[in-house]
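Novice: Supplied in structure tokens, the structure appears directly below.
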Amino acid sequence: MNILIAVIAGYVLLAIGIFTIIHFACKKSKKAVWGLIPLVTGGLILFIVTLMSIGQFLETSKNLLPSFKKEIDHVSGCNFTGDDSSFLKLNEDGTFIWYKYKEEQELTDDYASGNYFIYIGDHAIDFIEYKLPHLKCNRNLQIEMLKIAEVDISDYYCLVLRDVTGNIDGNHDDIVSHVQYYGFYCEGDCLALINMENGTYTYMTKEE
């Protein structure tokens, strides 16, 4: 209500200022400068009201946005050994190498490499829902899955592998453009990963 009154007052002062300037200017009177007082005052009032309105809008928008708490990342920059004898190295620079066999960590052996991205908790849910719509896995479905699995949302992960190339059976080539996994970080520094394209499951243990 106060803002509305201020807006009306601002426009009234602008109108008075403009009318005063035009009226005395037509008479070629120096009193025309008097019109600058209400003109400037009205303009200043409208400017302040505009700033206040923008501030209120930004504050309201901020409150409407989902609040994401900062999740602890237990995965980035770590190494994991899979129950299938594979070995996953997630480097701190955002690159990865996934060897088919842990004991054969040479680039001449079977491996895949590329870049990786980690999404945790609410970020993982939103990424899967909005960036992977073909999976038809919305927030409610994911929350229900977490409840059934008795997993806290802070332990919910989405691992995205991109620009994947590798050496498989002696053939060095692009394998796929990207692969997405969702999974859970479990007690004992373990990571359960499920390939979202083919449903294959990998259970991995963090290396010290």
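Identifiers for the structure tokens are assigned positionally: chains receive A, B, ... in sequence, residues are indexed from 1 per chain, and ligands are indexed from 1 in the order shown.
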For stretch 144-153 of chain A, find every residue with an atom within 9 Å (counting only C-alpha atoms), except residues of its own chain fewer than 5 positions away, and show them as a list in words.

Specialist: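 Contacts, in chain order: Ile120, Gly121, Asp122, Arg139, Phe184, Tyr185 and Cys186 of chain A.
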
Novice: Fewer than 2 positions away in the same chain doesn't count, so skip those; otherwise give me all residues within 12 Å of A:Trp98, counting only C-alpha atoms, as a VMD selection string.

Specialist: chain A and resid 79 to 82 84 to 91 95 to 96 100 to 102 104 to 107 109 to 116 161 164 to 168 204

Novice: At a cut-off of 9 Å, using only C-alpha atoms, what residues contact A:Ala124? Leave out same-chain residues fewer than 3 positions from it and give the result as a PyMOL selection string.

Specialist: chain A and resi 118-121+127-129+156-159+182

Novice: Those residues you just picked out, can you put them in a file as a tab-separated table (two decimals), in the first residue's frame with N, CA and C atoms?

Specialist:
```
chain	number	residue	atom	x	y	z
A	118	ILE	N	30.02	-35.23	-10.97
A	118	ILE	CA	29.34	-35.81	-9.82
A	118	ILE	C	28.18	-34.90	-9.39
A	119	TYR	N	27.01	-35.49	-9.19
A	119	TYR	CA	25.87	-34.77	-8.64
A	119	TYR	C	25.42	-35.52	-7.38
A	120	ILE	N	25.12	-34.76	-6.33
A	120	ILE	CA	24.82	-35.37	-5.04
A	120	ILE	C	23.48	-34.86	-4.52
A	121	GLY	N	22.73	-35.75	-3.86
A	121	GLY	CA	21.50	-35.36	-3.18
A	121	GLY	C	20.47	-34.75	-4.11
A	127	PHE	N	19.09	-33.50	-11.72
A	127	PHE	CA	19.80	-33.83	-12.95
A	127	PHE	C	19.12	-35.00	-13.66
A	128	ILE	N	18.79	-36.03	-12.91
A	128	ILE	CA	18.16	-37.21	-13.51
A	128	ILE	C	16.77	-36.87	-14.05
A	129	GLU	N	16.03	-36.05	-13.30
A	129	GLU	CA	14.66	-35.72	-13.73
A	129	GLU	C	14.63	-34.81	-14.95
A	156	TYR	N	23.02	-40.04	-1.93
A	156	TYR	CA	22.52	-40.36	-3.27
A	156	TYR	C	23.41	-39.67	-4.30
A	157	TYR	N	23.94	-40.43	-5.24
A	157	TYR	CA	24.90	-39.91	-6.21
A	157	TYR	C	24.44	-40.16	-7.64
A	158	CYS	N	24.88	-39.26	-8.51
A	158	CYS	CA	24.76	-39.47	-9.95
A	158	CYS	C	26.14	-39.23	-10.54
A	159	LEU	N	26.70	-40.25	-11.15
A	159	LEU	CA	28.03	-40.17	-11.76
A	159	LEU	C	27.85	-40.16	-13.28
A	182	TYR	N	23.55	-43.97	-11.45
A	182	TYR	CA	23.08	-43.46	-10.18
A	182	TYR	C	23.48	-44.48	-9.13
```

Novice: Please identify which residues in stretch 46-157 of chain A DSSP calls helix (DSSP H, G or I) from the backbone, and express them as a PyMOL selection string.

Specialist: chain A and resi 46-64+122-131+133-135+139-149+153-155

Novice: Using only C-alpha atoms, which of the listed residues (A:Phe117, A:Thr41, A:Glu71, A:Leu141) sits closest to A:Glu92?

Specialist: A:Phe117

Novice: Could you please determine the separation between atom CA of A:Asp189 and atom CA of A:Arg162 in Å, to one decimal place?

Specialist: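 Taking atom CA of A:Asp189 as the start and atom CA of A:Arg162 as the end point, the length is 24.4 Å.
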